[in-house]
>>> print(open('upload28.cif').read())   # mmCIF, C-alpha atoms
data_entry
#
loop_
_atom_site.label_atom_id
_atom_site.label_comp_id
_atom_site.auth_asym_id
_atom_site.auth_seq_id
_atom_site.Cartn_x
_atom_site.Cartn_y
_atom_site.Cartn_z
CA MET A 274 -60.95 81.03 -16.24
CA THR A 275 -63.32 83.31 -18.20
CA ALA A 276 -65.71 83.79 -15.25
CA SER A 277 -62.77 84.40 -12.94
CA LEU A 278 -61.46 87.11 -15.24
CA GLU A 279 -64.80 88.89 -15.08
CA ARG A 280 -64.72 88.80 -11.28
CA LEU A 281 -61.09 89.82 -11.11
CA ARG A 282 -61.75 92.94 -13.18
CA ARG A 283 -63.99 94.15 -10.35
CA CYS A 284 -61.22 93.80 -7.74
CA HIS A 285 -59.48 96.91 -6.45
CA PHE A 286 -56.18 95.46 -5.17
CA ALA A 287 -54.22 92.20 -5.25
CA VAL A 288 -51.90 90.64 -2.70
CA ASP A 289 -49.15 88.04 -3.13
CA LEU A 290 -48.34 86.76 0.36
CA GLY A 291 -45.12 84.82 -0.05
CA ALA A 292 -42.91 83.16 2.53
CA ALA A 293 -40.07 85.52 1.63
CA ARG A 294 -41.75 88.72 0.40
CA THR A 295 -45.17 90.38 0.42
CA ARG A 296 -46.30 92.31 -2.65
CA VAL A 297 -49.41 94.44 -3.10
CA TYR A 298 -50.77 95.72 -6.42
CA VAL A 299 -53.38 98.50 -6.36
CA LYS A 300 -55.56 98.97 -9.43
CA GLY A 301 -54.56 102.16 -11.20
CA ALA A 302 -51.46 102.68 -9.04
CA GLY A 303 -49.39 99.59 -9.81
CA LEU A 304 -47.07 97.76 -7.40
CA VAL A 305 -47.12 99.73 -4.14
CA VAL A 306 -45.57 97.21 -1.70
CA ASP A 307 -42.61 94.89 -2.21
CA GLN A 308 -41.17 94.07 1.21
CA PRO A 309 -39.98 90.99 3.15
CA SER A 310 -42.74 89.09 4.97
CA VAL A 311 -41.24 89.78 8.39
CA ALA A 312 -42.59 91.51 11.50
CA ALA A 313 -40.89 92.29 14.81
CA ILE A 314 -42.96 92.59 17.99
CA ASN A 315 -42.32 93.45 21.63
CA THR A 316 -43.35 90.32 23.56
CA ARG A 317 -43.83 92.35 26.76
CA THR A 318 -46.34 94.83 25.37
CA GLY A 319 -47.44 93.17 22.12
CA ALA A 320 -46.52 96.31 20.17
CA LEU A 321 -45.47 96.01 16.54
CA LEU A 322 -41.96 97.46 16.29
CA ALA A 323 -41.00 96.98 12.65
CA VAL A 324 -42.04 95.28 9.42
CA GLY A 325 -40.43 94.58 6.07
CA GLU A 326 -36.78 95.25 5.40
CA PHE A 327 -36.05 96.83 8.79
CA ALA A 328 -37.55 93.84 10.62
CA GLU A 329 -35.52 91.47 8.44
CA LYS A 330 -32.31 93.27 9.43
CA MET A 331 -33.21 92.62 13.07
CA THR A 332 -33.18 88.82 12.55
CA GLY A 333 -30.67 87.24 14.94
CA ARG A 334 -29.79 90.61 16.50
CA THR A 335 -32.63 91.21 18.94
CA PRO A 336 -32.78 91.07 22.76
CA ASP A 337 -34.97 88.50 24.50
CA TYR A 338 -38.11 90.63 24.60
CA ILE A 339 -38.17 91.30 20.82
CA ARG A 340 -39.39 88.50 18.58
CA VAL A 341 -38.98 88.47 14.80
CA MET A 342 -41.87 86.59 13.17
CA ARG A 343 -42.78 85.35 9.71
CA PRO A 344 -46.59 85.13 9.54
CA VAL A 345 -46.46 83.37 6.14
CA SER A 346 -44.91 79.96 5.57
CA GLY A 347 -44.85 78.17 2.22
CA GLY A 348 -47.32 80.62 0.72
CA THR A 349 -49.83 79.92 3.52
CA VAL A 350 -50.78 82.38 6.26
CA VAL A 351 -49.99 80.72 9.59
CA ASP A 352 -50.73 83.75 11.81
CA ILE A 353 -53.74 85.68 10.50
CA GLU A 354 -53.67 88.49 13.07
CA MET A 355 -49.96 89.19 12.61
CA ALA A 356 -50.32 89.05 8.80
CA GLN A 357 -53.09 91.66 8.99
CA ARG A 358 -51.00 93.94 11.23
CA MET A 359 -48.01 93.55 8.92
CA LEU A 360 -50.08 94.38 5.82
CA ARG A 361 -51.65 97.45 7.44
CA GLN A 362 -48.21 98.78 8.32
CA LEU A 363 -46.77 98.02 4.88
CA LEU A 364 -49.66 99.69 3.05
CA GLY A 365 -49.48 102.86 5.10
CA ASP A 366 -52.26 105.25 6.04
CA LYS A 367 -52.49 106.93 2.64
CA VAL A 368 -53.07 103.75 0.63
CA ARG A 369 -55.45 102.31 3.23
CA ARG A 370 -57.54 105.48 3.22
CA SER A 371 -57.80 105.40 -0.57
CA LEU A 372 -58.90 101.75 -0.47
CA ARG A 373 -61.54 102.44 2.19
CA ARG A 374 -63.21 104.95 -0.12
CA ARG A 375 -63.99 102.21 -2.63
CA PRO A 376 -67.58 100.93 -2.34
CA ARG A 377 -67.68 97.19 -1.70
CA LEU A 378 -63.92 96.76 -1.65
CA ARG A 379 -62.79 93.63 -3.50
CA ALA A 380 -59.41 91.93 -3.33
CA ALA A 381 -57.52 89.16 -5.12
CA ALA A 382 -54.85 86.89 -3.67
CA CYS A 383 -52.45 84.20 -4.87
CA THR A 384 -52.69 80.73 -3.36
CA PRO A 385 -50.30 77.80 -3.88
CA HIS A 386 -51.39 74.99 -6.14
CA ASP A 387 -53.65 72.45 -4.37
CA ALA A 388 -53.87 74.63 -1.27
CA ASP A 389 -56.14 73.01 1.31
CA PRO A 390 -59.39 74.74 2.41
CA LEU A 391 -57.80 75.94 5.65
CA ALA A 392 -55.01 77.70 3.76
CA GLN A 393 -57.53 79.30 1.41
CA ARG A 394 -59.67 80.40 4.35
CA ALA A 395 -56.63 81.94 6.07
CA ALA A 396 -55.84 84.02 2.98
CA ILE A 397 -59.45 85.19 2.72
CA GLU A 398 -59.71 86.14 6.41
CA THR A 399 -56.44 88.05 6.21
CA LEU A 400 -57.77 90.32 3.46
CA VAL A 401 -61.25 90.55 4.98
CA GLY A 402 -59.54 91.96 8.07
CA LEU A 403 -58.19 94.75 5.85
CA GLY A 404 -61.73 95.73 4.81
CA ALA A 405 -62.28 93.58 1.71
CA ARG A 406 -65.93 92.58 1.22
CA ARG A 407 -65.04 89.85 -1.29
CA VAL A 408 -61.78 87.99 -2.00
CA GLU A 409 -60.98 86.16 -5.24
CA LEU A 410 -58.31 83.42 -5.11
CA VAL A 411 -56.04 82.74 -8.08
CA ASP A 412 -53.61 79.85 -8.43
CA THR A 413 -50.04 81.13 -8.18
CA LEU A 414 -49.04 79.11 -11.25
CA ILE A 415 -51.62 80.81 -13.49
CA ALA A 416 -50.90 84.28 -12.09
CA ALA A 417 -47.15 83.85 -12.60
CA ALA A 418 -47.64 82.53 -16.15
CA VAL A 419 -49.77 85.57 -17.03
CA GLY A 420 -47.25 87.92 -15.40
CA CYS A 421 -44.30 86.62 -17.42
CA GLY A 422 -46.20 86.82 -20.71
CA LEU A 423 -46.87 83.16 -21.46
CA PRO A 424 -49.81 82.49 -23.83
CA VAL A 425 -51.90 80.87 -21.11
CA GLU A 426 -55.22 81.13 -22.96
CA GLN A 427 -53.99 79.60 -26.22
CA PRO A 428 -54.31 75.91 -27.23
CA GLU A 429 -50.59 75.31 -26.84
CA ALA A 430 -48.63 73.90 -23.94
CA THR A 431 -46.52 76.09 -21.68
CA MET A 432 -44.47 74.87 -18.71
CA ILE A 433 -43.76 77.10 -15.74
CA MET A 434 -41.72 76.59 -12.60
CA VAL A 435 -42.36 78.91 -9.65
CA CYS A 436 -39.24 78.83 -7.46
CA GLY A 437 -40.32 80.12 -4.06
CA ALA A 438 -38.57 80.38 -0.72
CA ALA A 439 -40.28 77.35 0.83
CA THR A 440 -41.74 75.42 -2.13
CA THR A 441 -41.23 74.90 -5.85
CA GLN A 442 -44.30 74.52 -8.06
CA VAL A 443 -44.11 73.03 -11.55
CA ALA A 444 -47.04 72.90 -13.99
CA VAL A 445 -48.03 72.48 -17.60
CA LEU A 446 -50.72 74.96 -18.70
CA CYS A 447 -53.01 74.93 -21.69
CA LEU A 448 -56.30 76.68 -22.58
CA GLY A 449 -56.21 78.81 -19.44
CA SER A 450 -56.03 75.95 -16.95
CA ILE A 451 -53.56 73.57 -15.35
CA VAL A 452 -53.15 70.24 -17.15
CA THR A 453 -50.81 68.67 -14.60
CA ALA A 454 -48.86 70.16 -11.70
CA GLU A 455 -46.64 69.22 -8.79
CA ARG A 456 -45.76 71.09 -5.62
CA ILE A 457 -42.34 70.21 -4.18
CA PRO A 458 -41.45 71.18 -0.57
CA VAL A 459 -38.01 72.43 -1.62
CA GLY A 460 -37.15 76.09 -2.21
CA GLY A 461 -34.53 78.73 -1.64
CA GLU A 462 -34.62 78.18 2.12
CA ALA A 463 -33.73 74.49 1.66
CA VAL A 464 -30.69 75.53 -0.38
CA ASP A 465 -29.67 77.96 2.37
CA ARG A 466 -30.03 75.25 5.02
CA ALA A 467 -27.92 72.86 2.94
CA ILE A 468 -25.09 75.40 2.81
CA VAL A 469 -25.31 76.12 6.55
CA GLN A 470 -25.29 72.41 7.44
CA HIS A 471 -22.33 71.75 5.14
CA LEU A 472 -20.24 74.47 6.78
CA ARG A 473 -21.21 73.31 10.26
CA HIS A 474 -20.33 69.66 9.64
CA GLN A 475 -17.27 70.06 7.43
CA HIS A 476 -15.67 73.20 8.87
CA GLU A 477 -17.31 73.51 12.33
CA LEU A 478 -18.38 77.02 11.36
CA MET A 479 -21.70 78.68 12.12
CA LEU A 480 -22.68 81.02 9.33
CA PRO A 481 -24.81 84.11 10.02
CA SER A 482 -28.20 83.97 8.28
CA GLN A 483 -27.44 87.21 6.43
CA SER A 484 -24.33 85.66 4.79
CA VAL A 485 -25.88 82.66 3.06
CA ARG A 486 -26.97 84.39 -0.14
CA PRO A 487 -23.64 86.27 -0.62
CA LEU A 488 -21.94 82.88 -0.34
CA GLN A 489 -24.10 81.55 -3.16
CA LEU A 490 -23.18 84.53 -5.31
CA ALA A 491 -19.51 84.01 -4.41
CA LEU A 492 -19.63 80.80 -6.43
CA SER A 493 -19.06 83.15 -9.39
CA GLY A 494 -21.39 84.11 -12.20
CA ASN A 495 -21.44 80.49 -13.35
CA GLY A 496 -23.01 79.51 -10.02
CA LEU A 497 -23.57 75.79 -9.83
CA THR A 498 -21.17 75.01 -12.67
CA SER A 499 -17.52 74.08 -12.19
CA HIS A 500 -16.06 77.11 -13.99
CA GLY A 501 -15.85 79.30 -10.90
CA PRO A 502 -13.03 79.79 -8.36
CA ALA A 503 -11.72 76.72 -6.56
CA SER A 504 -12.21 78.23 -3.10
CA THR A 505 -13.62 81.29 -1.36
CA GLU A 506 -13.11 82.82 2.10
CA ILE A 507 -16.05 82.73 4.52
CA HIS A 508 -16.36 84.46 7.90
CA GLY A 509 -18.39 82.93 10.71
CA ARG A 510 -18.36 81.74 14.31
CA ASP A 511 -16.43 78.70 15.51
CA VAL A 512 -18.77 76.02 16.87
CA ALA A 513 -16.42 74.96 19.69
CA THR A 514 -14.91 78.24 20.90
CA GLY A 515 -17.59 80.73 19.83
CA LEU A 516 -14.92 83.06 18.41
CA ALA A 517 -14.92 84.65 14.98
CA ARG A 518 -13.03 82.60 12.41
CA SER A 519 -12.39 82.62 8.67
CA VAL A 520 -12.01 79.50 6.55
CA GLN A 521 -11.28 78.71 2.92
CA VAL A 522 -14.29 76.81 1.60
CA ASP A 523 -14.02 74.45 -1.36
CA THR A 524 -16.66 75.70 -3.81
CA ALA A 525 -16.98 72.26 -5.44
CA ALA A 526 -18.15 70.81 -2.10
CA VAL A 527 -20.60 73.68 -1.68
CA ARG A 528 -21.98 73.02 -5.16
CA ASP A 529 -22.53 69.38 -4.22
CA ALA A 530 -24.35 70.44 -1.04
CA ILE A 531 -26.59 72.76 -3.06
CA GLN A 532 -27.42 70.13 -5.65
CA THR A 533 -28.59 67.60 -3.06
CA PRO A 534 -31.94 69.31 -2.27
CA LEU A 535 -32.41 70.23 -5.93
CA THR A 536 -32.71 66.57 -6.95
CA ALA A 537 -36.26 66.69 -5.53
CA VAL A 538 -37.02 69.50 -7.98
CA LEU A 539 -35.78 67.39 -10.89
CA ASP A 540 -37.95 64.48 -9.71
CA GLY A 541 -40.97 66.81 -9.61
CA ILE A 542 -40.33 67.96 -13.18
CA GLY A 543 -40.13 64.32 -14.27
CA LYS A 544 -43.48 63.53 -12.59
CA VAL A 545 -45.17 66.44 -14.36
CA LEU A 546 -43.83 65.41 -17.76
CA ARG A 547 -44.79 61.75 -17.27
CA ALA A 548 -48.37 62.75 -16.42
CA CYS A 549 -48.62 65.12 -19.39
CA PRO A 550 -50.25 64.05 -22.71
CA PRO A 551 -47.73 63.33 -25.50
CA ASP A 552 -49.00 66.15 -27.73
CA LEU A 553 -48.28 68.72 -25.04
CA VAL A 554 -44.85 67.27 -24.31
CA ALA A 555 -44.01 67.75 -28.00
CA ASP A 556 -44.88 71.46 -27.64
CA LEU A 557 -42.68 71.74 -24.55
CA ALA A 558 -39.68 70.30 -26.38
CA ASP A 559 -39.53 73.54 -28.39
CA ARG A 560 -40.79 76.08 -25.83
CA GLY A 561 -39.05 74.65 -22.75
CA ILE A 562 -39.50 75.75 -19.14
CA MET A 563 -40.09 79.30 -17.89
CA MET A 564 -38.62 79.95 -14.44
CA VAL A 565 -40.15 82.58 -12.16
CA GLY A 566 -39.86 83.37 -8.44
CA GLY A 567 -37.07 84.83 -6.35
CA SER A 568 -35.11 81.56 -6.14
CA ALA A 569 -35.00 81.37 -9.95
CA LEU A 570 -32.11 83.84 -9.72
CA LEU A 571 -29.89 81.29 -7.98
CA PRO A 572 -26.74 81.37 -10.15
CA GLY A 573 -26.45 78.37 -12.45
CA LEU A 574 -29.82 76.81 -11.58
CA ASP A 575 -31.16 77.28 -15.10
CA GLN A 576 -28.07 75.67 -16.61
CA MET A 577 -28.36 72.69 -14.26
CA LEU A 578 -32.01 72.16 -15.27
CA ARG A 579 -31.10 72.53 -18.93
CA GLN A 580 -28.48 69.76 -18.64
CA ALA A 581 -30.74 67.47 -16.60
CA THR A 582 -33.89 67.76 -18.76
CA GLY A 583 -32.46 68.47 -22.21
CA MET A 584 -35.12 71.18 -22.64
CA PRO A 585 -34.69 74.94 -23.14
CA VAL A 586 -34.88 76.81 -19.82
CA HIS A 587 -35.68 80.52 -19.66
CA ILE A 588 -35.78 82.98 -16.76
CA ALA A 589 -38.46 85.67 -16.77
CA GLU A 590 -37.40 89.29 -17.09
CA ARG A 591 -38.47 90.09 -13.51
CA PRO A 592 -39.03 86.64 -12.02
CA ASP A 593 -39.63 87.79 -8.46
CA VAL A 594 -42.74 89.91 -9.23
CA CYS A 595 -44.37 87.80 -11.97
CA ALA A 596 -47.20 86.47 -9.77
CA VAL A 597 -48.40 89.83 -8.50
CA GLN A 598 -47.84 91.36 -11.94
CA GLY A 599 -50.10 88.70 -13.42
CA LEU A 600 -52.78 89.55 -10.88
CA GLY A 601 -52.35 93.20 -11.84
CA TYR A 602 -52.88 92.41 -15.53
CA MET A 603 -56.10 90.60 -14.63
CA LEU A 604 -57.31 93.50 -12.48
CA GLU A 605 -56.57 96.04 -15.22
CA GLY A 606 -58.37 93.93 -17.85
CA LYS A 607 -55.27 93.40 -19.99
CA ILE A 608 -55.95 89.66 -20.38
CA SER A 609 -58.54 88.65 -22.96
CA PRO A 610 -60.38 85.33 -22.53
CA LEU A 611 -60.29 82.73 -25.26
CA THR A 612 -63.20 83.23 -27.66
CA LEU A 613 -64.67 80.29 -29.53
CA ASN A 614 -66.00 80.91 -33.05
CA PRO A 615 -68.86 78.51 -33.87
CA LEU A 616 -68.69 76.81 -37.22
CA ALA A 617 -70.88 78.40 -39.85
CA LEU A 618 -73.45 75.91 -41.09
#
>>> encode(input="upload28.cif", output="structure tokens")
Amino acid sequence: MTASLERLRRCHFAVDLGAARTRVYVKGAGLVVDQPSVAAINTRTGALLAVGEFAEKMTGRTPDYIRVMRPVSGGTVVDIEMAQRMLRQLLGDKVRRSLRRRPRLRAAACTPHDADPLAQRAAIETLVGLGARRVELVDTLIAAAVGCGLPVEQPEATMIMVCGAATTQVAVLCLGSIVTAERIPVGGEAVDRAIVQHLRHQHELMLPSQSVRPLQLALSGNGLTSHGPASTEIHGRDVATGLARSVQVDTAAVRDAIQTPLTAVLDGIGKVLRACPPDLVADLADRGIMMVGGSALLPGLDQMLRQATGMPVHIAERPDVCAVQGLGYMLEGKISPLTLNPLAL
């Protein structure tokens, strides 16, 4: 990681292309972009109509000739051209002009753990299309650990869980590198789908996509625990008639539906711990798990993990921006590499 730090200090901006949100950090200016990874285009003319929050509001509300796209899926760019157009629009003319003035523009980007060469190439080509002459790739797990203040470079074990929209990544870090890690194809979107399927099968109600997250928060501040209200009222569309309808939903049944996809996350944590050396597991018994990512804010998720693993579970101060913040620390030179002092003979 020492050589990577030297190269990262020469980068001018960093990008975290997530399935849910896109974040851009510019050296010396800080976080300049934090918007949903959504773009809306006119299929008749190919014109880009909207990006970010405005495009996300258009989801499910557009006529036939307007298509709302997500060029990033699971942390991997699936449409390079659309990702480039979205980034240009999000950055704006002023920021792009300031970046063009930099000689030999360099960029850094987060990539999921064990990303295949095609996914890495897609991330590089996306930033090269913005004018970058060189692109440095950093594992999302290491960037997020640095961003939330974990002692990544020290000879002590730290465990981090990046809860993304499409995937959940769990890793044990020590001496600036990943000891063991697991990427689980379950994220916040899987929880949303579980809620939608439960309401469709049990209540014959179709829930608008914009109402899933408020329903999760309606489970009370205790979230996935059983201390919340017994039921809550939900508005949606009847499957049979197509008319608007309200139903009283049993929150205990919704909690069960949410916990079903999260069992895969618990299995992933168990795999990581079983593959970890005993000395490092002993360190983790005291330090516990640090949760980062937007889905880490799901109410009650930390308490559920605490009960299932018996380990302390902490949520970062700003879990949604930890990865790009970690890249920013590396760009600004705020991270010092581990120095080895030779024994005096």
>>> resolve_selection(input="upload28.cif", expression="the PyMOL selection byres ((chain A and resi 381) around 12)", output="PyMOL selection string")
chain A and resi 277-278+280-290+296-300+378-380+382-384+393+396-397+399-401+405-413+416+596-597+599-604
>>> closest_atom_pairs(input="upload28.cif", of="range 307-373 of chain A", to="range 445-460 of chain A", cutoff="12 Å", atoms="only C-alpha atoms", output="CSV")
residue,atom,partner,partner_atom,distance
A:Ser346,CA,A:Pro458,CA,11.3
A:Gly347,CA,A:Pro458,CA,8.3
A:Gly348,CA,A:Pro458,CA,11.2
>>> write_last_selection(input="upload28.cif", atoms="C-alpha atoms", output="compact mmCIF listing (two decimals), in the frame of the given file")
# COMPACT_ATOMS: atom_id res chain seq x y z
CA SER A 346 -44.91 79.96 5.57
CA GLY A 347 -44.85 78.17 2.22
CA GLY A 348 -47.32 80.62 0.72
>>> resolve_selection(input="upload28.cif", expression="the PyMOL selection byres ((chain A and resi 435) around 6)", output="compact mmCIF listing (two decimals) with C-alpha atoms, in the frame of the given file")
# COMPACT_ATOMS: atom_id res chain seq x y z
CA MET A 434 -41.72 76.59 -12.60
CA CYS A 436 -39.24 78.83 -7.46
CA THR A 441 -41.23 74.90 -5.85
CA GLN A 442 -44.30 74.52 -8.06
CA VAL A 565 -40.15 82.58 -12.16
CA GLY A 566 -39.86 83.37 -8.44
>>> residues_around(input="upload28.cif", residues="Thr316 in chain A", least_positions_apart="2", cutoff="12 Å", atoms="all atoms listed in the file", output="MDAnalysis selection string")
chainID A and resid 313:314 318:322 335:342
>>> residues_near_point(input="upload28.cif", point="(-13.2, 82.0, -0.6)", cutoff="8 Å", atoms="only C-alpha atoms", output="ChimeraX atom specification")
/A:491,504-507,520-524
>>> atom_distance(input="upload28.cif", atom1="CA of Glu326 in chain A", atom2="CA of Gln357 in chain A")
17.1 Å
>>> atom_distance(input="upload28.cif", atom1="CA of Cys549 in chain A", atom2="CA of Ala392 in chain A")
27.1 Å
>>> residues_around(input="upload28.cif", residues="Ala463 in chain A", least_positions_apart="2", cutoff="12 Å", atoms="all atoms listed in the file", output="PyMOL selection string")
chain A and resi 347+436-441+457-461+465-470+485+530-538+568
>>> closest_residue(input="upload28.cif", among="A:Gly420, A:His471, A:Leu557, A:Gly567", to="Arg294 in chain A", atoms="only C-alpha atoms")
A:Gly567
>>> resolve_selection(input="upload28.cif", expression="the PyMOL selection byres ((chain A and resi 592) around 7)", output="ChimeraX atom specification")
/A:565-567,569,588-591,593-595
>>> write_last_selection(input="upload28.cif", atoms="C-alpha atoms", output="mmCIF file, keeping the file's coordinate frame")
data_model
loop_
_atom_site.group_PDB
_atom_site.id
_atom_site.type_symbol
_atom_site.label_atom_id
_atom_site.label_comp_id
_atom_site.auth_asym_id
_atom_site.auth_seq_id
_atom_site.Cartn_x
_atom_site.Cartn_y
_atom_site.Cartn_z
ATOM 1 C CA VAL A 565 -40.150 82.580 -12.160
ATOM 2 C CA GLY A 566 -39.860 83.370 -8.440
ATOM 3 C CA GLY A 567 -37.070 84.830 -6.350
ATOM 4 C CA ALA A 569 -35.000 81.370 -9.950
ATOM 5 C CA ILE A 588 -35.780 82.980 -16.760
ATOM 6 C CA ALA A 589 -38.460 85.670 -16.770
ATOM 7 C CA GLU A 590 -37.400 89.290 -17.090
ATOM 8 C CA ARG A 591 -38.470 90.090 -13.510
ATOM 9 C CA ASP A 593 -39.630 87.790 -8.460
ATOM 10 C CA VAL A 594 -42.740 89.910 -9.230
ATOM 11 C CA CYS A 595 -44.370 87.800 -11.970
#
>>> atom_distance(input="upload28.cif", atom1="CA of Val324 in chain A", atom2="CA of Arg369 in chain A")
16.4 Å
>>> closest_residue(input="upload28.cif", among="A:Asn315, A:Thr295, A:Thr514, A:Thr332", to="Leu360 in chain A", atoms="only C-alpha atoms")
A:Thr295
>>> closest_residue(input="upload28.cif", among="A:Ala581, A:Leu571, A:Leu472, A:Val545", to="Val512 in chain A", atoms="only C-alpha atoms")
A:Leu472
>>> residues_near_point(input="upload28.cif", point="(-37.0, 92.6, 1.7)", cutoff="10 Å", atoms="only C-alpha atoms", output="ChimeraX atom specification")
/A:293-295,307-311,324-330
>>> write_last_selection(input="upload28.cif", atoms="C-alpha atoms", output="PDB file, in the coordinates of the input")
ATOM      1  CA  ALA A 293     -40.070  85.520   1.630  1.00  0.00           C
ATOM      2  CA  ARG A 294     -41.750  88.720   0.400  1.00  0.00           C
ATOM      3  CA  THR A 295     -45.170  90.380   0.420  1.00  0.00           C
ATOM      4  CA  ASP A 307     -42.610  94.890  -2.210  1.00  0.00           C
ATOM      5  CA  GLN A 308     -41.170  94.070   1.210  1.00  0.00           C
ATOM      6  CA  PRO A 309     -39.980  90.990   3.150  1.00  0.00           C
ATOM      7  CA  SER A 310     -42.740  89.090   4.970  1.00  0.00           C
ATOM      8  CA  VAL A 311     -41.240  89.780   8.390  1.00  0.00           C
ATOM      9  CA  VAL A 324     -42.040  95.280   9.420  1.00  0.00           C
ATOM     10  CA  GLY A 325     -40.430  94.580   6.070  1.00  0.00           C
ATOM     11  CA  GLU A 326     -36.780  95.250   5.400  1.00  0.00           C
ATOM     12  CA  PHE A 327     -36.050  96.830   8.790  1.00  0.00           C
ATOM     13  CA  ALA A 328     -37.550  93.840  10.620  1.00  0.00           C
ATOM     14  CA  GLU A 329     -35.520  91.470   8.440  1.00  0.00           C
ATOM     15  CA  LYS A 330     -32.310  93.270   9.430  1.00  0.00           C
TER      16      LYS A 330
END
>>> closest_residue(input="upload28.cif", among="A:Ala418, A:Ala395, A:Val350, A:Ala292", to="Ile608 in chain A", atoms="all atoms listed in the file")
A:Ala418
